[in-house]
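I have placed the structure first, in the form of structure tokens, so that the comments after it can refer back to it.
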Amino acid sequence: MKIYMWLFLCVIFGGSLVFAESEEAIVFGISNEEVGIEPMKIYVGMVALLATQHKKIEVFLEDVRQKLSFGSRFSVCAEIRTSLPKKKSQIRELFERGFDAALLISISEDDSNSVDWRLYDTDGGTMVQGRKLLCSSLRDTAAQIAVRVIEALVAQVPPFLTKIAFVERKAREKGSILWLTDVQGQEHTVLYDSSRILVSPSWGKPAPRQFIAISEFTPHNVRFVGIDMHGRRYRLLDRDGTSVGICYDQESDRVVYAHSGAIWQLQFNGATNLWEHRCIPGITGTCGTPVLGPGGGVFYCSNGNICFYDVKKMASEMITSKGYHVAPTYSTQGNRLVFASKDKETMQLQEFDLVRRTLRPITQGVGIKTDPTLSPCGRYCGYCFQVGCSSVIRVRDLLTGEDWQVSQPGVYAQFPSWSPYLQSTDIAHG
């Protein structure tokens, strides 16, 4: 059946928006003109059981359509209906109309956020996946459905259940604001507003509670503080000197961080039942921005070069030997290492192939591109883009080269940090 062929084929296409409206349905579609093979076509039908639901269903349906169309994965046609097809023959009629899959959605009659969704293989008329969801908001429900549908169809997990944290430098007063946004830059939430300078946020482990570690400048030192998803701040590491750059292993209790030019690790000792801070041996020079890599190793920046510390050999090797390179970021998906490199009067992003040991430029042109951060799936890279007095956060699709801004216009934004996969998009209540 056609739908299962797409579990092995994920072809990326460009498209242009087509909008059509009839008396019976509002229809959205994507046309693909400059491709030799058509993308997988998905039909999305949704029923409004109450007249009062119609407006919010329009917004919800458009959100689902945008997410399924994101990255040009699919060609999507979405419409509001008076009823949904129930018989196998009705589902197969959608196949005859050229659709490979059908997503059918209904919302609860009690006007709550309870949504029932079903994904069908139109060729066989059989259900592939489906369930009832009750989320705190319809925006979160749209993200939850889109993630499950895309994962079921092409075995990929899109970044709709993630957040990008970044720091705004206040223009008229001292201080910083820690913001959260989504991969599309549609929503922006203030998590913490500080009268002090904040830099280099990093996402901690979600258990027992999700938080962001960030460096805070004080009159005496630069220390690590934690900020939870309710905007509550607490001290993490308050030592003399400068603590900037921290990375949490999402699969274990291991933490690495930079303090006054050295790389340290924090790990729980089961024998003593205590947390231990230890300076990592074998790492020399003035170091910063540690990132956990393959095999428990550590990528870091040292005197303008990117290095890797091998925990088994207890020794470091230089990844880059020429030029000036900083701010490494690593994703286990695709074994991908990205960092910023000086290119004449600008800074550009480059990707290092850890197998072939070759460099590939990611960005070019005017402006300074720094502080890359990779999505959990490894496909998208957020970064800081500075031109003149402007500083914004942008995201680049490393597969297609598409690039877009996610921070608000007029906000001097820096230091993006991509979260791991979250259980919900409604995590912030700052």
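Convention: chains lettered A, B, ... in structure tokens order; per-chain residue numbering from 1; ligands numbered from 1 as shown.
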Selection: 6 Å around stretch 356-371 of chain A, only C-alpha atoms, excl. self and same-chain fewer than 3 positions, as a PyMOL selection string
chain A and resi 327+340+346-353+383-387
DSSP alpha helix (DSSP H) residues within stretch 118-252 of chain A, listed as a ChimeraX atom specification:
/A:138-154
Counting only C-alpha atoms, the residue among A:Tyr412, A:Phe308, A:Tyr43, A:Tyr300 that lies closest to A:Phe74 is A:Tyr43
Using only C-alpha atoms, which protein or nucleic acid residues come within 8 Å of A:Arg396? Drop anything in the same chain fewer than 5 positions from it, and give the result as number ranges by chain.
A: 380-382, 401-404
For A:Ile246, list every protein, DNA or RNA residue within 9 Å, evaluated using only C-alpha atoms, and leave out those in the same chain fewer than 5 positions away; present the list as an mmCIF file with N, CA and C atoms, in the first residue's frame.
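Written out: result17.cif:
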data_model
loop_
_atom_site.group_PDB
_atom_site.id
_atom_site.type_symbol
_atom_site.label_atom_id
_atom_site.label_comp_id
_atom_site.auth_asym_id
_atom_site.auth_seq_id
_atom_site.Cartn_x
_atom_site.Cartn_y
_atom_site.Cartn_z
ATOM 1 N N SER A 200 24.094 32.748 27.871
ATOM 2 C CA SER A 200 24.318 31.316 27.623
ATOM 3 C C SER A 200 23.365 30.387 28.374
ATOM 4 N N PRO A 201 22.075 30.401 28.067
ATOM 5 C CA PRO A 201 21.158 29.444 28.686
ATOM 6 C C PRO A 201 21.402 28.034 28.164
ATOM 7 N N SER A 202 21.059 27.047 28.976
ATOM 8 C CA SER A 202 21.181 25.645 28.588
ATOM 9 C C SER A 202 20.086 24.853 29.294
ATOM 10 N N TRP A 203 19.447 23.936 28.576
ATOM 11 C CA TRP A 203 18.335 23.186 29.145
ATOM 12 C C TRP A 203 18.842 22.055 30.020
ATOM 13 N N ALA A 213 19.414 26.280 32.929
ATOM 14 C CA ALA A 213 20.580 26.829 33.622
ATOM 15 C C ALA A 213 21.111 27.995 32.803
ATOM 16 N N ILE A 214 21.486 29.076 33.480
ATOM 17 C CA ILE A 214 21.949 30.264 32.774
ATOM 18 C C ILE A 214 22.992 30.980 33.638
ATOM 19 N N SER A 215 23.914 31.660 32.987
ATOM 20 C CA SER A 215 24.950 32.388 33.719
ATOM 21 C C SER A 215 24.458 33.792 34.056
ATOM 22 N N PHE A 224 26.127 30.253 37.979
ATOM 23 C CA PHE A 224 25.023 29.541 37.347
ATOM 24 C C PHE A 224 23.784 29.627 38.234
ATOM 25 N N VAL A 255 27.051 16.125 34.093
ATOM 26 C CA VAL A 255 27.011 17.543 33.708
ATOM 27 C C VAL A 255 28.449 18.007 33.491
ATOM 28 N N VAL A 256 28.685 18.767 32.422
ATOM 29 C CA VAL A 256 29.991 19.404 32.222
ATOM 30 C C VAL A 256 29.779 20.905 32.145
ATOM 31 N N TYR A 257 30.754 21.665 32.630
ATOM 32 C CA TYR A 257 30.618 23.110 32.612
ATOM 33 C C TYR A 257 31.990 23.763 32.564
ATOM 34 N N ALA A 258 32.012 25.027 32.162
ATOM 35 C CA ALA A 258 33.256 25.800 32.096
ATOM 36 C C ALA A 258 33.304 26.768 33.269
ATOM 37 N N THR A 289 32.664 26.668 26.526
ATOM 38 C CA THR A 289 31.530 26.057 25.809
ATOM 39 C C THR A 289 31.641 24.544 25.675
ATOM 40 N N PRO A 290 31.684 23.809 26.795
ATOM 41 C CA PRO A 290 31.729 22.343 26.707
ATOM 42 C C PRO A 290 30.389 21.761 26.275
ATOM 43 N N VAL A 291 30.445 20.729 25.433
ATOM 44 C CA VAL A 291 29.249 20.045 24.936
ATOM 45 C C VAL A 291 29.518 18.548 24.973
#
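The closest residue to A:Ile283, picked from A:Asn303, A:Thr189, A:Thr162, A:Gln333 and counting only C-alpha atoms, is A:Asn303.
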A:Thr181: which residues within 12 Å, counting only C-alpha atoms, same-chain residues fewer than 5 positions away excluded, as a PyMOL selection string?
chain A and resi 159-167+186-191+382+393-395+405-408+413+416-419+425-428
From the list A:Glu173, A:Asp397, A:Asp182, A:Asp121, which residue is nearest A:Ala152 when using only C-alpha atoms?
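Selected residue with least distance to A:Ala152: A:Asp121.
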Neighbours of A:Ser106 within 10 Å (only C-alpha atoms; same-chain residues fewer than 2 positions away dropped), as a tab-separated table (two decimals) with N, CA and C atoms, in the first residue's frame?
chain	number	residue	atom	x	y	z
A	45	GLY	N	-9.59	16.33	7.46
A	45	GLY	CA	-10.98	16.73	7.60
A	45	GLY	C	-11.34	16.88	9.06
A	46	MET	N	-12.08	17.94	9.38
A	46	MET	CA	-12.45	18.19	10.77
A	46	MET	C	-13.90	18.63	10.83
A	47	VAL	N	-14.61	18.16	11.83
A	47	VAL	CA	-16.02	18.49	11.96
A	47	VAL	C	-16.23	19.39	13.17
A	48	ALA	N	-17.07	20.41	13.00
A	48	ALA	CA	-17.47	21.30	14.09
A	48	ALA	C	-18.87	20.90	14.54
A	49	LEU	N	-18.97	20.34	15.73
A	49	LEU	CA	-20.26	19.84	16.21
A	49	LEU	C	-21.15	20.95	16.74
A	57	ILE	N	-12.06	26.35	15.52
A	57	ILE	CA	-11.67	25.20	14.70
A	57	ILE	C	-10.93	25.66	13.45
A	80	ILE	N	-13.10	22.00	6.79
A	80	ILE	CA	-14.11	21.81	7.82
A	80	ILE	C	-15.32	21.17	7.16
A	81	ARG	N	-15.82	20.12	7.77
A	81	ARG	CA	-16.93	19.35	7.20
A	81	ARG	C	-18.12	19.33	8.16
A	83	SER	N	-19.75	16.41	8.47
A	83	SER	CA	-19.63	15.07	9.03
A	83	SER	C	-18.35	14.44	8.50
A	84	LEU	N	-17.87	13.42	9.19
A	84	LEU	CA	-16.64	12.75	8.79
A	84	LEU	C	-16.95	11.39	8.16
A	104	LEU	N	-8.55	12.50	10.20
A	104	LEU	CA	-9.91	12.92	10.52
A	104	LEU	C	-9.97	13.32	11.99
A	108	SER	N	-14.70	17.73	21.03
A	108	SER	CA	-15.77	17.35	21.94
A	108	SER	C	-16.95	18.32	21.87
A	109	GLU	N	-18.15	17.77	22.05
A	109	GLU	CA	-19.36	18.60	22.01
A	109	GLU	C	-19.49	19.52	23.21
A	114	SER	N	-10.88	18.65	24.34
A	114	SER	CA	-10.78	17.22	24.05
A	114	SER	C	-10.97	17.00	22.56
A	115	VAL	N	-9.97	16.38	21.93
A	115	VAL	CA	-9.98	16.18	20.48
A	115	VAL	C	-9.74	14.71	20.17
A	116	ASP	N	-10.55	14.17	19.26
A	116	ASP	CA	-10.41	12.80	18.81
A	116	ASP	C	-9.84	12.82	17.39
A	117	TRP	N	-8.74	12.09	17.14
A	117	TRP	CA	-8.14	12.08	15.81
A	117	TRP	C	-7.84	10.65	15.36
A	118	ARG	N	-7.95	10.42	14.05
A	118	ARG	CA	-7.70	9.13	13.45
A	118	ARG	C	-6.93	9.31	12.15
A	132	LYS	N	-7.72	9.75	21.56
A	132	LYS	CA	-8.34	10.98	22.06
A	132	LYS	C	-7.30	11.73	22.87
